[in-house]
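Data from structure.cif: mmCIF, C-alpha atoms
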data_coords
loop_
_atom_site.label_atom_id
_atom_site.label_comp_id
_atom_site.auth_asym_id
_atom_site.auth_seq_id
_atom_site.Cartn_x
_atom_site.Cartn_y
_atom_site.Cartn_z
CA MET H 1 10.95 -66.48 13.41
CA GLN H 2 9.01 -65.19 10.37
CA PRO H 3 9.81 -66.95 7.07
CA GLU H 4 11.45 -64.70 4.48
CA PRO H 5 8.83 -63.72 1.86
CA ILE H 6 9.35 -64.95 -1.69
CA GLN H 7 10.80 -62.35 -4.05
CA ASP H 8 7.48 -61.24 -5.56
CA GLU H 9 5.97 -60.78 -2.10
CA LYS H 10 9.02 -58.85 -0.93
CA GLU H 11 8.83 -56.56 -3.97
CA ILE H 12 5.13 -55.88 -3.32
CA ARG H 13 5.82 -55.14 0.34
CA ASP H 14 8.72 -52.83 -0.52
CA ALA H 15 6.61 -51.01 -3.13
CA GLU H 16 3.87 -50.45 -0.53
CA LEU H 17 6.41 -49.14 1.97
CA LEU H 18 7.82 -46.79 -0.68
CA ILE H 19 4.31 -45.45 -1.37
CA SER H 20 4.01 -44.75 2.36
CA LEU H 21 7.39 -42.99 2.34
CA ILE H 22 6.41 -40.80 -0.65
CA LEU H 23 3.06 -39.94 0.92
CA GLY H 24 4.63 -39.05 4.25
CA LYS H 25 7.40 -36.96 2.69
CA ALA H 26 4.77 -35.14 0.59
CA GLY H 27 2.91 -34.10 3.74
CA GLY H 28 0.44 -36.97 3.92
CA ARG H 29 -1.57 -36.29 0.77
CA ILE H 30 -0.73 -36.45 -2.93
CA SER H 31 -2.53 -36.83 -6.26
CA ILE H 32 -2.44 -40.20 -8.03
CA LEU H 33 -0.73 -38.48 -10.97
CA HIS H 34 1.99 -37.04 -8.74
CA LEU H 35 2.49 -40.37 -6.97
CA HIS H 36 2.95 -42.23 -10.27
CA LYS H 37 5.39 -39.67 -11.66
CA ILE H 38 7.42 -39.35 -8.43
CA PHE H 39 7.63 -43.14 -8.24
CA PHE H 40 8.77 -43.09 -11.89
CA PHE H 41 11.55 -40.56 -11.21
CA LEU H 42 12.80 -42.73 -8.33
CA TRP H 43 12.42 -45.82 -10.54
CA LYS H 44 14.58 -44.27 -13.27
CA PHE H 45 17.55 -43.54 -11.06
CA HIS H 46 17.48 -46.03 -8.21
CA PRO H 47 18.16 -49.75 -8.89
CA GLN H 48 16.31 -50.82 -5.73
CA VAL H 49 13.14 -49.11 -6.94
CA ARG H 50 13.51 -50.36 -10.52
CA ARG H 51 13.05 -53.98 -9.44
CA LEU H 52 9.72 -53.29 -7.72
CA VAL H 53 7.41 -52.40 -10.63
CA ASP H 54 7.41 -51.89 -14.41
CA PHE H 55 6.52 -48.66 -16.25
CA VAL H 56 5.10 -48.44 -19.78
CA PRO H 57 4.12 -45.59 -22.16
CA HIS H 58 0.53 -44.52 -21.44
CA LEU H 59 -2.04 -41.76 -21.95
CA LYS H 60 -0.48 -39.62 -19.20
CA GLY H 61 3.11 -40.55 -19.95
CA PRO H 62 4.97 -43.25 -17.96
CA TYR H 63 2.49 -45.44 -16.11
CA SER H 64 2.72 -48.57 -13.98
CA PHE H 65 -0.15 -51.05 -13.91
CA ASP H 66 1.70 -52.85 -11.10
CA LEU H 67 1.77 -49.66 -9.03
CA ASP H 68 -1.90 -48.94 -9.77
CA GLU H 69 -2.88 -52.39 -8.50
CA ILE H 70 -0.76 -51.99 -5.35
CA ILE H 71 -2.34 -48.59 -4.64
CA LYS H 72 -5.86 -50.00 -4.98
CA ASN H 73 -5.28 -53.31 -3.21
CA PRO H 74 -2.39 -53.16 -0.74
CA THR H 75 -1.40 -56.49 0.81
CA TYR H 76 0.90 -55.38 3.62
CA ALA H 77 0.20 -51.66 4.15
CA THR H 78 -3.53 -52.22 4.66
CA ASP H 79 -5.46 -49.22 6.01
CA CYS H 80 -2.35 -47.02 5.66
CA TRP H 81 -3.89 -44.75 3.03
CA LYS H 82 -7.29 -43.91 1.63
CA TYR H 83 -8.35 -42.86 -1.86
CA ILE H 84 -10.16 -39.54 -2.29
CA PRO H 85 -11.96 -39.04 -5.63
CA PRO H 86 -11.33 -35.89 -7.73
CA ILE H 87 -12.74 -32.78 -6.05
CA LYS H 88 -14.46 -31.44 -9.17
CA ARG H 89 -14.78 -32.24 -12.85
CA SER H 90 -12.13 -29.81 -14.07
CA GLU H 91 -9.39 -30.69 -16.53
CA ALA H 92 -6.81 -30.52 -13.75
CA GLU H 93 -8.75 -32.81 -11.41
CA ARG H 94 -9.36 -35.35 -14.17
CA ALA H 95 -5.64 -35.37 -14.94
CA LYS H 96 -4.73 -35.81 -11.27
CA GLY H 97 -7.04 -38.84 -10.96
CA GLY H 98 -7.96 -38.27 -7.33
CA TYR H 99 -5.74 -38.33 -4.25
CA LEU H 100 -4.14 -40.67 -1.74
CA GLU H 101 -4.04 -39.61 1.88
CA LEU H 102 -2.21 -41.25 4.78
CA THR H 103 -4.41 -42.55 7.59
CA GLU H 104 -3.38 -42.30 11.25
CA LYS H 105 -2.03 -45.83 10.99
CA GLY H 106 -0.16 -44.79 7.81
CA LYS H 107 1.43 -41.84 9.61
CA GLU H 108 2.69 -44.14 12.36
CA ILE H 109 4.08 -46.57 9.76
CA TYR H 110 5.77 -43.65 7.96
CA GLU H 111 7.48 -42.40 11.13
CA LYS H 112 8.72 -45.92 11.91
CA LEU H 113 9.97 -46.39 8.33
CA VAL H 114 11.95 -43.16 8.43
CA GLU H 115 13.47 -44.11 11.78
CA ASP H 116 14.44 -47.60 10.55
CA LEU H 117 15.82 -46.33 7.23
CA ASN H 118 17.94 -43.69 8.94
CA LYS H 119 19.45 -46.36 11.21
CA GLU H 120 20.04 -48.66 8.24
CA ALA H 121 21.60 -45.84 6.20
CA LYS H 122 24.48 -45.55 8.69
CA GLU H 123 25.79 -48.92 7.46
CA ASP H 124 24.03 -49.50 4.13
CA GLU H 125 24.82 -47.36 1.08
CA ASP H 126 21.63 -48.48 -0.73
CA ALA H 127 19.45 -47.29 2.15
CA LEU H 128 21.34 -43.99 2.25
CA ALA H 129 20.92 -43.55 -1.53
CA LEU H 130 17.18 -44.23 -1.28
CA ILE H 131 16.70 -41.73 1.57
CA SER H 132 18.70 -39.12 -0.36
CA ALA H 133 16.62 -39.70 -3.51
CA ILE H 134 13.32 -39.43 -1.62
CA ASP H 135 14.50 -36.28 0.19
CA LEU H 136 15.47 -34.70 -3.12
CA VAL H 137 12.69 -35.84 -5.48
CA VAL H 138 9.51 -35.83 -3.38
CA PRO H 139 9.51 -32.24 -2.01
CA LEU H 140 10.50 -30.89 -5.43
CA TYR H 141 7.88 -32.66 -7.55
CA ALA H 142 5.08 -32.77 -4.97
CA ARG H 143 4.80 -28.98 -5.02
CA LEU H 144 4.44 -28.76 -8.80
CA GLU H 145 1.07 -28.19 -10.46
CA TRP H 146 -0.06 -31.13 -12.60
CA ASP H 147 0.79 -29.36 -15.88
CA GLU H 148 4.23 -28.28 -14.60
CA LEU H 149 4.97 -31.86 -13.56
CA LEU H 150 3.98 -33.27 -16.96
CA PHE H 151 5.82 -30.50 -18.81
CA LEU H 152 9.12 -31.39 -17.11
CA LEU H 153 8.46 -35.05 -17.86
CA TYR H 154 7.65 -34.49 -21.56
CA THR H 155 10.60 -32.16 -22.20
CA ASP H 156 13.15 -34.55 -20.69
CA GLU H 157 14.64 -36.42 -23.66
CA THR H 158 15.43 -39.44 -21.49
CA ASN H 159 11.66 -39.95 -21.04
CA LYS H 160 10.85 -39.80 -24.76
CA GLU H 161 9.89 -43.47 -25.11
CA PHE H 162 7.41 -43.13 -22.22
CA SER H 163 5.63 -40.09 -23.69
CA GLU H 164 4.82 -41.48 -27.13
CA LYS H 165 1.25 -42.51 -26.27
CA SER H 166 0.46 -39.54 -24.09
CA ALA H 167 -2.87 -37.88 -24.87
CA LEU H 168 -1.89 -34.88 -22.73
CA SER H 169 1.53 -34.06 -24.18
CA LYS H 170 0.21 -31.89 -27.06
CA LEU H 171 -2.07 -29.94 -24.71
CA ILE H 172 0.74 -29.39 -22.19
CA LEU H 173 3.37 -28.43 -24.76
CA GLN H 174 1.02 -25.87 -26.34
CA LYS H 175 1.13 -23.99 -23.01
CA SER H 176 4.94 -24.17 -22.79
CA GLU H 177 5.64 -20.46 -22.32
CA LYS H 178 3.06 -20.03 -19.57
CA ILE H 179 4.29 -23.13 -17.74
CA VAL H 180 7.98 -22.20 -18.05
CA ASN H 181 7.23 -18.73 -16.66
CA LYS H 182 5.57 -20.33 -13.63
CA LEU H 183 8.52 -22.68 -13.10
CA VAL H 184 10.97 -19.76 -13.23
CA ARG H 185 8.88 -17.72 -10.76
CA LYS H 186 8.79 -20.64 -8.34
CA GLY H 187 12.55 -21.09 -8.62
CA ILE H 188 12.16 -24.64 -9.95
CA ILE H 189 14.25 -23.77 -12.99
CA PRO H 190 16.76 -20.89 -13.27
CA GLU H 191 16.08 -17.96 -15.61
CA GLU H 192 19.00 -18.94 -17.85
CA LYS H 193 17.35 -22.32 -18.61
CA ARG H 194 14.11 -20.69 -19.87
CA GLU H 195 15.05 -20.58 -23.58
CA VAL H 196 16.53 -24.08 -23.52
CA LEU H 197 13.31 -25.51 -22.13
CA LEU H 198 11.14 -23.64 -24.64
CA ILE H 199 13.26 -24.92 -27.53
CA ARG H 200 13.08 -28.43 -26.12
CA ALA H 201 9.29 -28.13 -25.83
CA ILE H 202 9.00 -27.15 -29.52
CA SER H 203 11.14 -30.12 -30.59
CA SER H 204 9.00 -32.43 -28.40
CA HIS H 205 5.76 -31.64 -30.29
#

Since I need it in another form, could you write the structure as structure tokens?
Amino acid sequence: MQPEPIQDEKEIRDAELLISLILGKAGGRISILHLHKIFFFLWKFHPQVRRLVDFVPHLKGPYSFDLDEIIKNPTYATDCWKYIPPIKRSEAERAKGGYLELTEKGKEIYEKLVEDLNKEAKEDEDALALISAIDLVVPLYARLEWDELLFLLYTDETNKEFSEKSALSKLILQKSEKIVNKLVRKGIIPEEKREVLLIRAISSH
């Protein structure tokens, strides 16, 4: 029988498994920026995720040094993902910070995780809540462009404390109208929310 890992080890393992779940749900590949922000959205609303890592205000908004270390040096999910450097030296690629991609081993781990979580969710409300959150958050935010993702983050008043040190917020908010138009076209936000978001963007400057 395997000994139960100490709390810190369990948190690291769970964080690595959650990274695998996010990657798998996103189609197997995601930018570092998207991974951090999706993890943050789950962290904000799900108590089980909140205990895994800490987030602090940073140059790109909410950032987790714990998560960054886990991404670079996984302990349990070894060889489950690989880092791919930015494709070119554009503003967008610099902001994204490169990509994580599931390996074949990572895909197998992901499938097993989903299967186990679905079984667990039949009896465990926490597991069900986590699956529901991942199903809702990941597909929505993974398909956003980097500037759309950051715009929604910066214009959400509940994230204000995490955006104070952001070097990108001014740049993003200056393009508010263009970004909002894209979000409306994609159906991410309804037409009737357009003006509200634009007003919120002005007050966030």

**OP:** Anything within 12 Å of (-12.9, -34.1, -6.2): list those residues as a list in words, counting all atoms listed in the file and sticking to the file's coordinates.
**Re:**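 Checking each residue against the 12 Å limit leaves Ser31, Tyr83, Ile84, Pro85, Pro86, Ile87, Lys88, Arg89, Ser90, Glu91, Ala92, Glu93, Arg94, Ala95, Lys96, Gly97, Gly98, Tyr99 and Leu100 of chain H.
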
**OP:** Given the file shown, determine the residues that the PyMOL selection byres ((chain H and resi 112-121) around 10) selects; report them as a ChimeraX atom specification.
**Re:** /H:17-18,20-21,24-25,106-111,122-132

Original post:
From the list H:Ala142, H:Ile134, H:Ile12, H:Ile202, which residue is nearest H:Leu35 when using all atoms listed in the file?
Top reply: H:Ala142

Written as a PDB file with C-alpha atoms, in the frame of the given file, what is the full residue list that the PyMOL selection byres ((chain H and resi 65) around 9) yields on the file shown?
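Wrote it out as selection28.pdb, contents follow:
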ATOM      1  CA  VAL H  53       7.410 -52.400 -10.630  1.00  0.00           C
ATOM      2  CA  ASP H  54       7.410 -51.890 -14.410  1.00  0.00           C
ATOM      3  CA  PHE H  55       6.520 -48.660 -16.250  1.00  0.00           C
ATOM      4  CA  VAL H  56       5.100 -48.440 -19.780  1.00  0.00           C
ATOM      5  CA  TYR H  63       2.490 -45.440 -16.110  1.00  0.00           C
ATOM      6  CA  SER H  64       2.720 -48.570 -13.980  1.00  0.00           C
ATOM      7  CA  ASP H  66       1.700 -52.850 -11.100  1.00  0.00           C
ATOM      8  CA  LEU H  67       1.770 -49.660  -9.030  1.00  0.00           C
ATOM      9  CA  ASP H  68      -1.900 -48.940  -9.770  1.00  0.00           C
ATOM     10  CA  GLU H  69      -2.880 -52.390  -8.500  1.00  0.00           C
ATOM     11  CA  ILE H  70      -0.760 -51.990  -5.350  1.00  0.00           C
TER      12      ILE H  70
END

**OP:** For atom CA of H:Arg13 and atom CA of H:Leu136, quote the distance in Å rounded to one decimal.
**Re:** 22.9 Å

Subject >> Test item: the PyMOL selection byres ((chain H and resi 157-163) around 12) resolved as a ChimeraX atom specification >> reply: /H:37,40-41,44-45,54-64,150-156,164-170,172-173,197,200-201,203-205

Let's have the selection written as an mmCIF file, keeping the file's coordinate frame, with C-alpha atoms.
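And here is the file that came out, result36.cif:
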data_model
loop_
_atom_site.group_PDB
_atom_site.id
_atom_site.type_symbol
_atom_site.label_atom_id
_atom_site.label_comp_id
_atom_site.auth_asym_id
_atom_site.auth_seq_id
_atom_site.Cartn_x
_atom_site.Cartn_y
_atom_site.Cartn_z
ATOM 1 C CA LYS H 37 5.390 -39.670 -11.660
ATOM 2 C CA PHE H 40 8.770 -43.090 -11.890
ATOM 3 C CA PHE H 41 11.550 -40.560 -11.210
ATOM 4 C CA LYS H 44 14.580 -44.270 -13.270
ATOM 5 C CA PHE H 45 17.550 -43.540 -11.060
ATOM 6 C CA ASP H 54 7.410 -51.890 -14.410
ATOM 7 C CA PHE H 55 6.520 -48.660 -16.250
ATOM 8 C CA VAL H 56 5.100 -48.440 -19.780
ATOM 9 C CA PRO H 57 4.120 -45.590 -22.160
ATOM 10 C CA HIS H 58 0.530 -44.520 -21.440
ATOM 11 C CA LEU H 59 -2.040 -41.760 -21.950
ATOM 12 C CA LYS H 60 -0.480 -39.620 -19.200
ATOM 13 C CA GLY H 61 3.110 -40.550 -19.950
ATOM 14 C CA PRO H 62 4.970 -43.250 -17.960
ATOM 15 C CA TYR H 63 2.490 -45.440 -16.110
ATOM 16 C CA SER H 64 2.720 -48.570 -13.980
ATOM 17 C CA LEU H 150 3.980 -33.270 -16.960
ATOM 18 C CA PHE H 151 5.820 -30.500 -18.810
ATOM 19 C CA LEU H 152 9.120 -31.390 -17.110
ATOM 20 C CA LEU H 153 8.460 -35.050 -17.860
ATOM 21 C CA TYR H 154 7.650 -34.490 -21.560
ATOM 22 C CA THR H 155 10.600 -32.160 -22.200
ATOM 23 C CA ASP H 156 13.150 -34.550 -20.690
ATOM 24 C CA GLU H 164 4.820 -41.480 -27.130
ATOM 25 C CA LYS H 165 1.250 -42.510 -26.270
ATOM 26 C CA SER H 166 0.460 -39.540 -24.090
ATOM 27 C CA ALA H 167 -2.870 -37.880 -24.870
ATOM 28 C CA LEU H 168 -1.890 -34.880 -22.730
ATOM 29 C CA SER H 169 1.530 -34.060 -24.180
ATOM 30 C CA LYS H 170 0.210 -31.890 -27.060
ATOM 31 C CA ILE H 172 0.740 -29.390 -22.190
ATOM 32 C CA LEU H 173 3.370 -28.430 -24.760
ATOM 33 C CA LEU H 197 13.310 -25.510 -22.130
ATOM 34 C CA ARG H 200 13.080 -28.430 -26.120
ATOM 35 C CA ALA H 201 9.290 -28.130 -25.830
ATOM 36 C CA SER H 203 11.140 -30.120 -30.590
ATOM 37 C CA SER H 204 9.000 -32.430 -28.400
ATOM 38 C CA HIS H 205 5.760 -31.640 -30.290
#

**OP:** For atom CA of H:Leu23 and atom CA of H:Ile188, determine how far apart the two atoms are, in Å to one decimal place.
**Re:**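 One can read the atom CA of H:Leu23 to atom CA of H:Ile188 distance as 20.9 Å.
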
Neighbour residues at most 12 Å from (16.0, -55.3, -7.2) (all atoms listed in the file) as an mmCIF file with C-alpha atoms, in the coordinates of the input:
data_model
loop_
_atom_site.group_PDB
_atom_site.id
_atom_site.type_symbol
_atom_site.label_atom_id
_atom_site.label_comp_id
_atom_site.auth_asym_id
_atom_site.auth_seq_id
_atom_site.Cartn_x
_atom_site.Cartn_y
_atom_site.Cartn_z
ATOM 1 C CA GLN H 7 10.800 -62.350 -4.050
ATOM 2 C CA ASP H 8 7.480 -61.240 -5.560
ATOM 3 C CA LYS H 10 9.020 -58.850 -0.930
ATOM 4 C CA GLU H 11 8.830 -56.560 -3.970
ATOM 5 C CA ILE H 12 5.130 -55.880 -3.320
ATOM 6 C CA ASP H 14 8.720 -52.830 -0.520
ATOM 7 C CA ALA H 15 6.610 -51.010 -3.130
ATOM 8 C CA TRP H 43 12.420 -45.820 -10.540
ATOM 9 C CA HIS H 46 17.480 -46.030 -8.210
ATOM 10 C CA PRO H 47 18.160 -49.750 -8.890
ATOM 11 C CA GLN H 48 16.310 -50.820 -5.730
ATOM 12 C CA VAL H 49 13.140 -49.110 -6.940
ATOM 13 C CA ARG H 50 13.510 -50.360 -10.520
ATOM 14 C CA ARG H 51 13.050 -53.980 -9.440
ATOM 15 C CA LEU H 52 9.720 -53.290 -7.720
ATOM 16 C CA VAL H 53 7.410 -52.400 -10.630
ATOM 17 C CA ASP H 54 7.410 -51.890 -14.410
ATOM 18 C CA ASP H 126 21.630 -48.480 -0.730
#

Original post:
H:Leu144: which residues within 9 Å, counting all atoms listed in the file, same-chain residues fewer than 3 positions away excluded, as a list in words?
Top reply: His34, Leu140, Tyr141, Asp147, Glu148, Leu149, Leu183 and Ile188 of chain H

Original post:
How many Å separate atom CA of H:Leu42 from atom CA of H:Glu191?
Top reply: 26.0 Å

Padding 6 Å on every side, please: axis-aligned box over the listed atoms of stretch 110-120 of chain H, centre and edge lengths to one decimal in Å, as lines of an AutoDock Vina configuration file.
center_x = 12.9
center_y = -45.5
center_z = 9.6
size_x = 26.3
size_y = 18.3
size_z = 16.7
